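Reproduced below: data-v1.csv, with CSV, C-alpha atoms.
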chain,number,residue,atom,x,y,z
A,651,MET,CA,160.2,47.2,143.8
A,652,LYS,CA,158.6,45.9,140.5
A,653,ILE,CA,160.2,42.7,139.3
A,654,ALA,CA,159.4,41.3,135.9
A,655,PHE,CA,160.0,37.6,135.2
A,656,LEU,CA,160.1,36.5,131.6
A,657,THR,CA,159.4,32.8,131.0
A,658,GLY,CA,159.1,31.0,127.6
A,659,THR,CA,159.1,27.3,128.4
A,660,ARG,CA,158.1,24.7,130.9
A,661,ALA,CA,161.8,24.2,131.8
A,662,ASP,CA,162.6,27.8,132.7
A,663,TYR,CA,159.3,28.2,134.5
A,664,GLY,CA,160.2,25.4,136.9
A,665,LYS,CA,163.5,27.2,137.6
A,666,LEU,CA,162.0,30.7,138.1
A,667,LYS,CA,158.8,29.7,139.9
A,668,PRO,CA,160.4,29.6,143.5
A,669,LEU,CA,161.8,33.0,142.9
A,670,MET,CA,158.5,34.3,141.6
A,671,GLN,CA,156.7,32.9,144.6
A,672,ALA,CA,159.2,34.5,147.0
A,673,CYS,CA,158.6,37.9,145.3
A,674,GLU,CA,154.8,37.4,145.3
A,675,SER,CA,154.7,36.8,149.0
A,676,ASP,CA,157.0,39.6,150.0
A,677,ALA,CA,155.4,42.9,150.9
A,678,GLU,CA,158.2,45.0,149.5
A,679,THR,CA,158.2,43.5,146.0
A,680,GLU,CA,155.7,43.3,143.2
A,681,CYS,CA,155.9,40.1,141.1
A,682,MET,CA,155.0,40.5,137.4
A,683,VAL,CA,155.1,37.3,135.3
A,684,TYR,CA,155.3,37.6,131.5
A,685,ALA,CA,154.7,34.3,129.7
A,686,ILE,CA,155.4,33.8,126.0
A,687,GLY,CA,156.8,31.2,123.6
A,688,MET,CA,156.0,27.5,124.1
A,689,HIS,CA,153.7,28.3,127.0
A,690,LEU,CA,151.1,29.6,124.5
A,691,LEU,CA,151.2,26.6,122.1
A,692,GLU,CA,148.7,23.8,122.4
A,693,GLU,CA,151.0,21.3,120.7
A,694,TYR,CA,153.5,21.8,123.6
A,695,GLY,CA,150.9,21.4,126.3
A,696,ALA,CA,149.6,25.0,126.6
A,697,THR,CA,151.6,25.3,129.8
A,698,ILE,CA,150.2,28.9,130.3
A,699,ASN,CA,147.4,27.0,132.1
A,700,ASP,CA,149.9,25.7,134.7
A,701,ILE,CA,151.1,29.2,135.3
A,702,ARG,CA,147.5,30.4,135.7
A,703,ASN,CA,146.8,27.7,138.2
A,704,ASP,CA,149.6,29.0,140.3
A,705,ARG,CA,147.6,32.2,140.7
A,706,PHE,CA,150.2,35.0,140.5
A,707,SER,CA,148.6,38.4,141.0
A,708,HIS,CA,150.1,39.9,137.9
A,709,LEU,CA,150.3,37.5,134.9
A,710,TYR,CA,150.7,38.9,131.4
A,711,THR,CA,150.7,37.4,127.9
A,712,PRO,CA,151.2,39.1,124.6
A,713,GLU,CA,148.1,40.4,122.8
A,714,HIS,CA,149.5,39.0,119.5
A,715,TYR,CA,152.1,36.2,119.2
A,716,CYS,CA,153.1,34.3,116.1
A,717,HIS,CA,155.3,31.3,116.7
A,718,HIS,CA,157.9,30.6,114.0
A,719,ASP,CA,160.0,27.6,112.9
A,720,LYS,CA,163.1,29.7,112.9
A,721,MET,CA,164.6,30.6,116.3
A,722,GLU,CA,165.8,34.1,115.2
A,723,LEU,CA,162.2,35.0,114.2
A,724,ASN,CA,161.0,33.9,117.7
A,725,LEU,CA,163.7,36.1,119.2
A,726,ALA,CA,162.5,39.1,117.2
A,727,GLU,CA,158.9,38.4,118.1
A,728,THR,CA,159.7,38.2,121.8
A,729,ILE,CA,161.8,41.4,121.7
A,730,VAL,CA,158.9,43.3,120.1
A,731,SER,CA,156.3,41.9,122.5
A,732,PHE,CA,158.3,42.2,125.7
A,733,SER,CA,159.5,45.7,124.8
A,734,SER,CA,155.9,46.9,124.7
A,735,PHE,CA,155.3,45.2,128.1
A,736,VAL,CA,158.3,47.0,129.7
A,737,ASP,CA,157.3,50.3,128.2
A,738,THR,CA,153.9,49.9,129.9
A,739,THR,CA,154.8,48.5,133.3
A,740,GLN,CA,158.3,50.1,133.9
A,741,PRO,CA,159.8,47.3,136.0
A,742,ASP,CA,162.8,48.0,138.2
A,743,LEU,CA,164.4,44.6,137.5
A,744,ILE,CA,163.9,42.0,134.7
A,745,VAL,CA,164.7,38.4,135.7
A,746,VAL,CA,165.5,35.8,133.0
A,747,HIS,CA,166.8,32.2,133.1
A,748,GLY,CA,169.1,30.1,131.0
A,749,ASP,CA,170.1,30.0,127.4
A,750,ARG,CA,167.1,30.2,125.0
A,751,VAL,CA,165.8,33.0,122.8
A,752,GLU,CA,163.4,34.4,125.5
A,753,PRO,CA,166.1,35.3,128.1
A,754,LEU,CA,168.2,36.7,125.3
A,755,ALA,CA,165.3,38.9,124.2
A,756,GLY,CA,164.5,40.0,127.8
A,757,ALA,CA,168.2,41.0,128.4
A,758,ILE,CA,168.3,42.9,125.1
A,759,VAL,CA,165.1,44.8,126.0
A,760,GLY,CA,166.5,45.5,129.5
A,761,VAL,CA,169.7,47.0,128.1
A,762,MET,CA,167.9,49.1,125.6
A,763,ASN,CA,165.6,50.5,128.3
A,764,ASN,CA,168.2,51.1,131.0
A,765,THR,CA,166.5,48.5,133.1
A,766,TYR,CA,168.5,46.2,135.4
A,767,VAL,CA,168.6,42.5,134.3
A,768,ALA,CA,169.2,39.5,136.5
A,769,HIS,CA,170.3,36.3,134.9
A,770,VAL,CA,169.7,33.0,136.6
A,771,GLU,CA,172.1,30.0,136.0
A,772,GLY,CA,174.6,31.7,133.8
A,773,GLY,CA,178.2,30.5,133.6
A,774,GLU,CA,177.4,27.0,132.4
A,775,VAL,CA,178.6,25.1,129.4
A,776,THR,CA,176.7,22.7,127.2
A,777,GLY,CA,177.0,20.9,123.8
A,778,THR,CA,174.6,23.0,121.7
A,779,ALA,CA,174.3,26.5,120.2
A,780,ASP,CA,172.3,27.5,123.3
A,781,GLU,CA,175.6,28.0,125.1
A,782,PHE,CA,176.3,31.0,122.8
A,783,MET,CA,173.0,32.6,124.0
A,784,ARG,CA,173.7,31.9,127.7
A,785,HIS,CA,177.0,33.7,127.6
A,786,ALA,CA,175.5,36.6,125.5
A,787,VAL,CA,172.8,37.0,128.2
A,788,THR,CA,175.5,37.1,130.9
A,789,LYS,CA,177.2,40.0,129.1
A,790,LEU,CA,173.8,41.8,128.9
A,791,SER,CA,173.0,41.3,132.6
A,792,ASN,CA,173.7,43.3,135.7
A,793,LEU,CA,173.2,40.7,138.3
A,794,HIS,CA,174.0,37.0,138.2
A,795,PHE,CA,172.5,34.2,140.3
A,796,VAL,CA,174.5,31.0,139.6
A,797,SER,CA,174.2,27.4,140.7
A,798,ASN,CA,177.7,26.7,142.0
A,799,GLU,CA,181.2,28.0,142.4
A,800,GLU,CA,182.2,26.5,139.1
A,801,ALA,CA,179.7,28.8,137.2
A,802,LYS,CA,180.9,31.8,139.2
A,803,LEU,CA,184.5,31.2,138.1
A,804,ARG,CA,183.4,31.2,134.4
A,805,LEU,CA,181.5,34.5,134.9
A,806,LEU,CA,184.7,36.0,136.4
A,807,GLN,CA,186.5,34.8,133.3
A,808,LEU,CA,183.9,36.5,131.2
A,809,GLY,CA,184.8,39.8,132.8
A,810,GLU,CA,181.9,40.2,135.3
A,811,ARG,CA,182.4,42.0,138.6
A,812,GLU,CA,182.6,39.5,141.5
A,813,GLU,CA,180.2,41.6,143.7
A,814,THR,CA,177.4,41.1,141.1
A,815,ILE,CA,177.7,37.3,141.2
A,816,TYR,CA,175.8,35.3,143.8
A,817,VAL,CA,175.9,31.5,144.3
A,818,ILE,CA,172.4,30.5,145.3
A,819,GLY,CA,172.1,27.0,143.8
A,820,SER,CA,169.5,25.8,141.3
A,821,PRO,CA,166.1,27.3,142.3
A,822,ASP,CA,164.0,24.4,141.3
A,823,ILE,CA,165.7,22.4,144.1
A,824,ASP,CA,163.6,24.5,146.5
A,825,ILE,CA,160.5,22.8,145.2
A,826,MET,CA,162.2,19.4,144.8
A,827,LEU,CA,163.1,19.2,148.5
A,828,SER,CA,159.8,20.8,149.8
A,829,ASP,CA,156.8,19.0,151.1
A,830,ARG,CA,154.5,20.4,148.4
A,831,LEU,CA,154.9,17.6,145.8
A,832,PRO,CA,151.8,15.4,145.1
A,833,ALA,CA,151.8,11.7,145.9
A,834,LEU,CA,152.8,9.3,143.2
A,835,ASP,CA,149.4,7.5,143.1
A,836,GLU,CA,147.7,10.8,142.7
A,837,VAL,CA,149.9,11.8,139.8
A,838,LYS,CA,149.6,8.5,138.0
A,839,LYS,CA,145.9,8.5,138.3
A,840,LYS,CA,145.6,12.1,137.0
A,841,GLN,CA,148.0,11.5,134.1
A,842,GLY,CA,146.6,8.1,133.2
A,843,ILE,CA,149.9,6.2,133.9
A,844,PRO,CA,149.2,2.5,134.6
A,845,PHE,CA,152.8,1.4,135.3
A,846,ASP,CA,154.0,0.2,138.7
A,847,ARG,CA,157.6,0.6,137.4
A,848,TYR,CA,158.7,3.0,134.6
A,849,ALA,CA,161.5,5.1,133.3
A,850,ILE,CA,161.3,8.6,131.8
A,851,LEU,CA,162.4,9.3,128.2
A,852,SER,CA,163.0,12.9,127.2
A,853,TYR,CA,165.0,13.8,124.1
A,854,HIS,CA,165.4,17.2,122.5
A,855,PRO,CA,166.9,18.5,119.2
A,856,VAL,CA,170.6,19.2,119.1
A,857,THR,CA,170.6,22.3,116.9
A,858,THR,CA,174.2,21.8,115.7
A,859,ALA,CA,173.8,18.1,114.9
A,860,HIS,CA,173.7,16.7,111.4
A,861,SER,CA,172.6,13.2,112.1
A,862,LEU,CA,169.5,13.8,114.2
A,863,ALA,CA,167.2,11.3,112.3
A,864,ARG,CA,169.7,8.5,112.8
A,865,ASP,CA,170.4,9.4,116.4
A,866,VAL,CA,166.8,9.4,117.5
A,867,GLU,CA,166.2,6.2,115.5
A,868,GLN,CA,168.9,4.4,117.6
A,869,LEU,CA,167.4,5.7,120.8
A,870,VAL,CA,163.9,4.6,119.9
A,871,ASP,CA,165.2,1.2,118.9
A,872,ALA,CA,166.9,0.8,122.3
A,873,VAL,CA,164.0,1.8,124.5
A,874,GLU,CA,161.7,-0.4,122.5
A,875,ALA,CA,164.0,-3.4,122.7
A,876,SER,CA,164.5,-2.9,126.5
A,877,GLY,CA,161.0,-4.2,127.3
A,878,LEU,CA,160.5,-1.6,130.0
A,879,ASN,CA,157.7,0.9,130.6
A,880,TYR,CA,158.3,4.6,129.7
A,881,VAL,CA,156.8,8.0,130.4
A,882,VAL,CA,157.8,10.0,127.3
A,883,ILE,CA,158.0,13.8,127.5
A,884,MET,CA,157.8,15.2,124.0
A,885,PRO,CA,160.6,17.5,122.7
A,886,ASN,CA,160.8,21.2,122.9
A,887,ASP,CA,160.2,23.5,119.8
A,888,ASP,CA,163.9,23.8,118.7
A,889,LYS,CA,164.7,23.1,115.1
A,890,GLY,CA,164.5,19.3,114.6
A,891,SER,CA,161.6,18.7,116.9
A,892,ASP,CA,159.5,17.4,114.0
A,893,VAL,CA,162.2,14.8,113.2
A,894,ILE,CA,162.1,13.5,116.8
A,895,GLN,CA,158.3,13.5,117.0
A,896,THR,CA,158.1,11.5,113.7
A,897,GLU,CA,160.4,8.8,115.0
A,898,LEU,CA,158.6,8.6,118.3
A,899,LYS,CA,155.4,7.9,116.5
A,900,ARG,CA,156.8,4.4,115.9
A,901,LEU,CA,156.0,3.7,119.5
A,902,ALA,CA,152.5,5.2,119.5
A,903,SER,CA,150.7,1.8,119.5
A,904,ASN,CA,153.0,0.2,122.1
A,905,LEU,CA,151.2,0.0,125.4
A,906,ARG,CA,154.5,0.3,127.3
A,907,PHE,CA,154.8,4.0,126.4
A,908,ARG,CA,152.7,6.9,127.5
A,909,PHE,CA,153.3,10.2,125.7
A,910,PHE,CA,152.9,13.8,127.2
A,911,ALA,CA,153.4,17.2,125.5
A,912,SER,CA,154.0,18.4,129.1
A,913,ILE,CA,153.4,17.5,132.7
A,914,PRO,CA,152.9,20.1,135.5
A,915,PHE,CA,156.3,20.7,137.2
A,916,GLU,CA,155.4,19.3,140.6
A,917,SER,CA,153.8,16.2,139.1
A,918,TYR,CA,156.9,15.7,136.9
A,919,LEU,CA,159.2,15.9,139.9
A,920,THR,CA,157.1,13.2,141.7
A,921,LEU,CA,157.4,11.0,138.6
A,922,LEU,CA,161.1,11.6,138.4
A,923,ARG,CA,161.7,10.9,142.0
A,924,HIS,CA,160.1,7.4,141.7
A,925,ALA,CA,161.5,6.5,138.2
A,926,GLU,CA,163.8,3.6,137.6
A,927,PHE,CA,166.0,6.0,135.5
A,928,ILE,CA,165.8,8.9,133.1
A,929,ILE,CA,167.1,8.5,129.5
A,930,GLY,CA,167.7,11.1,126.8
A,931,ASN,CA,169.4,14.5,126.7
A,932,SER,CA,167.2,16.7,128.9
A,933,SER,CA,168.8,18.9,131.5
A,934,ALA,CA,166.6,17.1,134.0
A,935,GLY,CA,168.9,14.1,133.7
A,936,VAL,CA,171.8,16.3,134.8
A,937,ARG,CA,170.2,18.6,137.3
A,938,GLU,CA,167.0,17.2,138.9
A,939,ALA,CA,168.0,13.6,138.7
A,940,CYS,CA,171.1,14.0,140.7
A,941,VAL,CA,169.2,15.7,143.6
A,942,TYR,CA,167.1,12.6,144.0
A,943,GLY,CA,169.9,10.1,143.1
A,944,VAL,CA,167.9,8.8,140.2
A,945,PRO,CA,170.1,7.1,137.6
A,946,ALA,CA,170.4,9.1,134.4
A,947,ILE,CA,171.6,8.0,130.9
A,948,ASP,CA,172.9,11.1,129.2
A,949,VAL,CA,172.6,10.5,125.4
A,950,GLY,CA,174.7,12.3,122.8
A,951,THR,CA,176.2,15.8,123.0
A,952,ARG,CA,173.4,18.2,124.2
A,953,GLN,CA,174.6,18.2,127.8
A,954,ASN,CA,178.3,18.0,127.1
A,955,ASN,CA,180.5,19.7,129.7
A,956,ARG,CA,177.4,20.4,131.9
A,957,TYR,CA,178.7,18.3,134.7
A,958,HIS,CA,181.8,16.5,136.0
A,959,PRO,CA,181.4,12.7,136.1
A,960,ALA,CA,183.3,12.6,139.4
A,961,ALA,CA,180.7,14.9,141.0
A,962,LEU,CA,177.6,13.3,139.5
A,963,ARG,CA,177.9,9.6,139.8
A,964,ASN,CA,174.3,8.9,138.9
A,965,ILE,CA,175.0,9.7,135.3
A,966,GLN,CA,176.1,7.3,132.5
A,967,LYS,CA,177.3,9.0,129.4
A,968,CYS,CA,176.2,7.3,126.2
A,969,GLY,CA,176.3,7.8,122.4
A,970,GLU,CA,173.4,7.4,120.1
A,971,ASN,CA,174.0,3.7,119.5
A,972,ALA,CA,171.3,1.1,120.3
A,973,ASP,CA,173.6,-1.6,121.7
A,974,GLU,CA,175.5,0.9,123.9
A,975,LEU,CA,172.2,2.3,125.1
A,976,LEU,CA,170.9,-1.1,126.1
A,977,ARG,CA,174.0,-1.8,128.1
A,978,CYS,CA,173.5,1.5,130.0
A,979,ILE,CA,169.8,0.6,130.6
A,980,ALA,CA,170.8,-2.8,132.0
A,981,SER,CA,173.3,-1.2,134.5
A,982,ALA,CA,171.2,1.9,135.4
A,983,ASP,CA,170.4,0.7,138.9
A,984,ARG,CA,174.1,0.7,139.9
A,985,HIS,CA,174.1,4.5,139.5
A,986,ARG,CA,171.5,5.4,142.2
A,987,VAL,CA,173.7,8.1,143.9
A,988,ALA,CA,172.4,11.5,145.1
A,989,SER,CA,174.4,14.8,145.0
A,990,SER,CA,174.1,18.4,146.3
A,991,TYR,CA,176.3,19.7,143.5
A,992,PHE,CA,173.7,22.2,142.3
A,993,GLY,CA,172.4,23.5,145.6
A,994,ASN,CA,170.5,22.6,148.8
A,995,GLY,CA,167.0,24.1,148.4
A,996,HIS,CA,167.4,27.6,149.8
A,997,SER,CA,167.7,29.6,146.5
A,998,ALA,CA,164.5,31.7,146.8
A,999,GLU,CA,165.2,33.1,150.3
A,1000,GLN,CA,168.7,34.1,149.2
A,1001,PHE,CA,167.4,35.7,146.0
A,1002,ILE,CA,164.8,37.8,147.7
A,1003,ARG,CA,167.3,39.0,150.4
A,1004,ILE,CA,169.8,40.0,147.7
A,1005,ILE,CA,167.6,41.9,145.5
A,1006,LYS,CA,166.0,43.8,148.4
A,1007,ASN,CA,169.4,44.9,149.6
A,1008,MET,CA,171.3,45.4,146.4
A,1009,GLY,CA,171.0,49.2,146.7
A,1010,LYS,CA,171.6,51.6,143.7
A,1011,MET,CA,174.2,49.8,141.6
A,1012,PRO,CA,175.7,51.5,138.5
A,1013,PHE,CA,173.9,50.5,135.3
A,1014,GLN,CA,176.9,50.9,133.1
A,1015,LYS,CA,179.0,47.7,133.2
A,1016,GLN,CA,182.8,47.6,133.0
A,1017,PHE,CA,184.7,44.6,131.8
A,1018,VAL,CA,187.0,43.2,134.6
A,1019,ASP,CA,190.2,41.6,133.4
A,1020,THR,CA,191.4,38.5,135.2
A,1021,ALA,CA,194.8,38.8,136.8
A,1022,GLU,CA,196.4,36.8,134.0
A,1023,THR,CA,194.8,39.0,131.3
A,1024,ALA,CA,195.8,42.2,133.1
A,1025,ALA,CA,199.4,41.0,133.3
A,1026,ALA,CA,199.4,40.0,129.6
A,1027,ILE,CA,198.1,43.4,128.6
A,1028,ASN,CA,200.7,45.2,130.7
A,1029,ASN,CA,203.4,43.1,129.1
A,1030,TYR,CA,202.1,43.9,125.6
A,1031,ILE,CA,202.0,47.6,126.3
A,1032,ASN,CA,205.5,47.6,127.7
A,1033,GLU,CA,206.8,45.8,124.7
A,1034,VAL,CA,205.1,48.1,122.2
A,1035,CYS,CA,205.6,51.4,124.0
A,1036,PHE,CA,209.0,51.1,125.5
Please, can you express the file's structure as structure tokens?
Amino acid sequence: MKIAFLTGTRADYGKLKPLMQACESDAETECMVYAIGMHLLEEYGATINDIRNDRFSHLYTPEHYCHHDKMELNLAETIVSFSSFVDTTQPDLIVVHGDRVEPLAGAIVGVMNNTYVAHVEGGEVTGTADEFMRHAVTKLSNLHFVSNEEAKLRLLQLGEREETIYVIGSPDIDIMLSDRLPALDEVKKKQGIPFDRYAILSYHPVTTAHSLARDVEQLVDAVEASGLNYVVIMPNDDKGSDVIQTELKRLASNLRFRFFASIPFESYLTLLRHAEFIIGNSSAGVREACVYGVPAIDVGTRQNNRYHPAALRNIQKCGENADELLRCIASADRHRVASSYFGNGHSAEQFIRIIKNMGKMPFQKQFVDTAETAAAINNYINEVCF
């Protein structure tokens, strides 16, 4: 069984990697990794090298790739490139993750080529335009591997068949809870981080926001005034990234800040595990931080609705206001609470077992009405027809 994984960013690679490794080591599956997007860009850390270092037997990149400032052009570029790859390799299953242009492109290519598509971590809601793409990918996919029962219920509401939805948790937790992470001293030495104590700052563009420059200015003012040490992960390539990078340059000469375009996933997890807290709007503050019980300060709207405060008590929600941010920083240590809300570290073994036993499922999808919708339709027909 030939399984093609499409990855476009350091974030989705961390999620897909345990599933890739499970397929790579299984004699009945052939793992093919197709890397595109931010992985190929030097200014975002050239994370294709991290994938190469993981030594997958079949790693592919596009012969020609042009990165654009506009997300719709990157979508088109990925569709063209990945379509050629699928034509050549003829995978049995395409696996995509999340809510960016790469999974949307992979799902479109799968549908147009009558190739099954598996979507990892559908059924979630956020505070950005990415949510549109996540739900679109769901409707283009045949199999769904979700992080919890809450996500499953949303997929049922979207009309997906229950027998195609599997709750396996968030796959990166497999790595987080493993014994394969490097030691903190090793990571700090390799990355040139001199701090004994530090926090992590990671802030990305909110593509639907109209006050990004002011918002990031307030965040930078707060972390500078806090007097603490920070490991800063630079933003992704969404529209507005240049605005954030320009504002962060104010801190370039401050020795309490160390800047990174990217950090290898396992090394990043080690840094997160030992951080005082994480601040910004990265999904790591919602997902990975809760597993370790690291306090998280969720800034702004990017992760809106991604979690329930009652379930994740390590998180403080905060607006882009310097005074409010400083109050959250001061109280961060009171929020050191771990949670298993997104899984328990056994995603990969569930994934490989499911795909090997899924049998010949019909490619054509049918929309499944919820009981409430079916009843409403019947009532409508009875009113109109009788």
Determine the nearest neighbour of A:Ile729 from the options A:Asp704, A:Met762, A:His689, A:Phe1001, counting all atoms listed in the file.
->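 Smallest separation from A:Ile729 among the options: A:Met762.
Take atom CA of A:Asn886 and atom CA of A:Glu836: the distance between them is 25.9 Å.
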Separation of atom CA of A:Gly995 from atom CA of A:Val817, in Å and rounded to one decimal |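 Atom CA of A:Val817 lies 12.3 Å from atom CA of A:Gly995.
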Quick one: contact table of stretch 810-867 of chain A to stretch 654-675 of chain A, 10 Å max, nearest atom pair and distance in Å to one decimal per residue, counting only C-alpha atoms, chain and number order, as JSON lines?
{"residue": "A:Ser820", "atom": "CA", "partner": "A:Lys665", "partner_atom": "CA", "distance": 7.2}
{"residue": "A:Pro821", "atom": "CA", "partner": "A:Lys665", "partner_atom": "CA", "distance": 5.4}
{"residue": "A:Asp822", "atom": "CA", "partner": "A:Lys665", "partner_atom": "CA", "distance": 4.7}
{"residue": "A:Ile823", "atom": "CA", "partner": "A:Lys665", "partner_atom": "CA", "distance": 8.4}
{"residue": "A:Asp824", "atom": "CA", "partner": "A:Pro668", "partner_atom": "CA", "distance": 6.7}
{"residue": "A:Ile825", "atom": "CA", "partner": "A:Pro668", "partner_atom": "CA", "distance": 7.0}
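The two atoms in question, atom CA of A:Asn1029 and atom CA of A:Lys789, are spaced 26.4 Å apart.
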Name the residues in contact with stretch 859-871 of chain A at a cut-off of 8 Å, using only C-alpha atoms, excluding same-chain residues fewer than 2 positions from it; report them as a PDB file with C-alpha atoms, in the frame of the given file.
ATOM      1  CA  PRO A 855     166.900  18.500 119.200  1.00  0.00           C
ATOM      2  CA  VAL A 856     170.600  19.200 119.100  1.00  0.00           C
ATOM      3  CA  THR A 857     170.600  22.300 116.900  1.00  0.00           C
ATOM      4  CA  VAL A 873     164.000   1.800 124.500  1.00  0.00           C
ATOM      5  CA  GLU A 874     161.700  -0.400 122.500  1.00  0.00           C
ATOM      6  CA  ALA A 875     164.000  -3.400 122.700  1.00  0.00           C
ATOM      7  CA  GLY A 890     164.500  19.300 114.600  1.00  0.00           C
ATOM      8  CA  VAL A 893     162.200  14.800 113.200  1.00  0.00           C
ATOM      9  CA  ILE A 894     162.100  13.500 116.800  1.00  0.00           C
ATOM     10  CA  GLU A 897     160.400   8.800 115.000  1.00  0.00           C
ATOM     11  CA  LEU A 898     158.600   8.600 118.300  1.00  0.00           C
ATOM     12  CA  LEU A 901     156.000   3.700 119.500  1.00  0.00           C
ATOM     13  CA  GLU A 970     173.400   7.400 120.100  1.00  0.00           C
ATOM     14  CA  ASN A 971     174.000   3.700 119.500  1.00  0.00           C
ATOM     15  CA  ALA A 972     171.300   1.100 120.300  1.00  0.00           C
ATOM     16  CA  LEU A 975     172.200   2.300 125.100  1.00  0.00           C
TER      17      LEU A 975
END
Which one is closest to A:Asp742: A:Lys1010, A:His769, A:Lys1015, A:Arg705? Count only C-alpha atoms.
->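 Among A:Lys1010, A:His769, A:Lys1015, A:Arg705, it is A:Lys1010 that comes nearest to A:Asp742.
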Residue rebuild result stretch 692-698 of chain A, all heavy atoms as a PDB file, in the coordinates of the input:
ATOM      1  N   GLU A 692     149.380  24.984 122.017  1.00  0.00           N
ATOM      2  CA  GLU A 692     148.700  23.800 122.400  1.00  0.00           C
ATOM      3  C   GLU A 692     149.490  22.523 122.148  1.00  0.00           C
ATOM      4  O   GLU A 692     149.470  21.578 122.937  1.00  0.00           O
ATOM      5  CB  GLU A 692     147.358  23.679 121.572  1.00  0.00           C
ATOM      6  CG  GLU A 692     146.289  24.688 121.966  1.00  0.00           C
ATOM      7  CD  GLU A 692     145.650  24.355 123.316  1.00  0.00           C
ATOM      8  OE1 GLU A 692     145.768  23.196 123.761  1.00  0.00           O
ATOM      9  OE2 GLU A 692     145.035  25.264 123.900  1.00  0.00           O
ATOM     10  N   GLU A 693     150.254  22.500 121.047  1.00  0.00           N
ATOM     11  CA  GLU A 693     151.000  21.300 120.700  1.00  0.00           C
ATOM     12  C   GLU A 693     152.145  21.018 121.689  1.00  0.00           C
ATOM     13  O   GLU A 693     152.706  19.916 121.707  1.00  0.00           O
ATOM     14  CB  GLU A 693     151.566  21.396 119.284  1.00  0.00           C
ATOM     15  CG  GLU A 693     152.485  22.559 119.029  1.00  0.00           C
ATOM     16  CD  GLU A 693     151.769  23.788 118.468  1.00  0.00           C
ATOM     17  OE1 GLU A 693     150.642  24.072 118.921  1.00  0.00           O
ATOM     18  OE2 GLU A 693     152.358  24.452 117.596  1.00  0.00           O
ATOM     19  N   TYR A 694     152.475  21.994 122.530  1.00  0.00           N
ATOM     20  CA  TYR A 694     153.500  21.800 123.600  1.00  0.00           C
ATOM     21  C   TYR A 694     152.884  21.822 124.968  1.00  0.00           C
ATOM     22  O   TYR A 694     153.573  22.066 125.942  1.00  0.00           O
ATOM     23  CB  TYR A 694     154.610  22.822 123.425  1.00  0.00           C
ATOM     24  CG  TYR A 694     155.404  22.638 122.148  1.00  0.00           C
ATOM     25  CD1 TYR A 694     155.118  23.395 121.023  1.00  0.00           C
ATOM     26  CD2 TYR A 694     156.392  21.667 122.061  1.00  0.00           C
ATOM     27  CE1 TYR A 694     155.820  23.206 119.831  1.00  0.00           C
ATOM     28  CE2 TYR A 694     157.105  21.465 120.889  1.00  0.00           C
ATOM     29  CZ  TYR A 694     156.809  22.238 119.773  1.00  0.00           C
ATOM     30  OH  TYR A 694     157.507  22.035 118.598  1.00  0.00           O
ATOM     31  N   GLY A 695     151.606  21.561 125.036  1.00  0.00           N
ATOM     32  CA  GLY A 695     150.900  21.400 126.300  1.00  0.00           C
ATOM     33  C   GLY A 695     150.240  22.595 126.876  1.00  0.00           C
ATOM     34  O   GLY A 695     149.666  22.523 127.965  1.00  0.00           O
ATOM     35  N   ALA A 696     150.270  23.733 126.142  1.00  0.00           N
ATOM     36  CA  ALA A 696     149.600  25.000 126.600  1.00  0.00           C
ATOM     37  C   ALA A 696     149.912  25.197 128.104  1.00  0.00           C
ATOM     38  O   ALA A 696     149.018  25.352 128.939  1.00  0.00           O
ATOM     39  CB  ALA A 696     148.091  24.886 126.395  1.00  0.00           C
ATOM     40  N   THR A 697     151.186  25.253 128.435  1.00  0.00           N
ATOM     41  CA  THR A 697     151.600  25.300 129.800  1.00  0.00           C
ATOM     42  C   THR A 697     151.291  26.693 130.470  1.00  0.00           C
ATOM     43  O   THR A 697     151.511  26.866 131.674  1.00  0.00           O
ATOM     44  CB  THR A 697     153.104  25.033 129.965  1.00  0.00           C
ATOM     45  OG1 THR A 697     153.839  25.783 128.983  1.00  0.00           O
ATOM     46  CG2 THR A 697     153.356  23.556 129.739  1.00  0.00           C
ATOM     47  N   ILE A 698     150.749  27.616 129.697  1.00  0.00           N
ATOM     48  CA  ILE A 698     150.200  28.900 130.300  1.00  0.00           C
ATOM     49  C   ILE A 698     149.179  28.531 131.336  1.00  0.00           C
ATOM     50  O   ILE A 698     149.029  29.252 132.340  1.00  0.00           O
ATOM     51  CB  ILE A 698     149.674  29.804 129.203  1.00  0.00           C
ATOM     52  CG1 ILE A 698     149.222  31.129 129.816  1.00  0.00           C
ATOM     53  CG2 ILE A 698     148.537  29.138 128.450  1.00  0.00           C
ATOM     54  CD1 ILE A 698     150.321  31.929 130.458  1.00  0.00           C
TER      55      ILE A 698
END
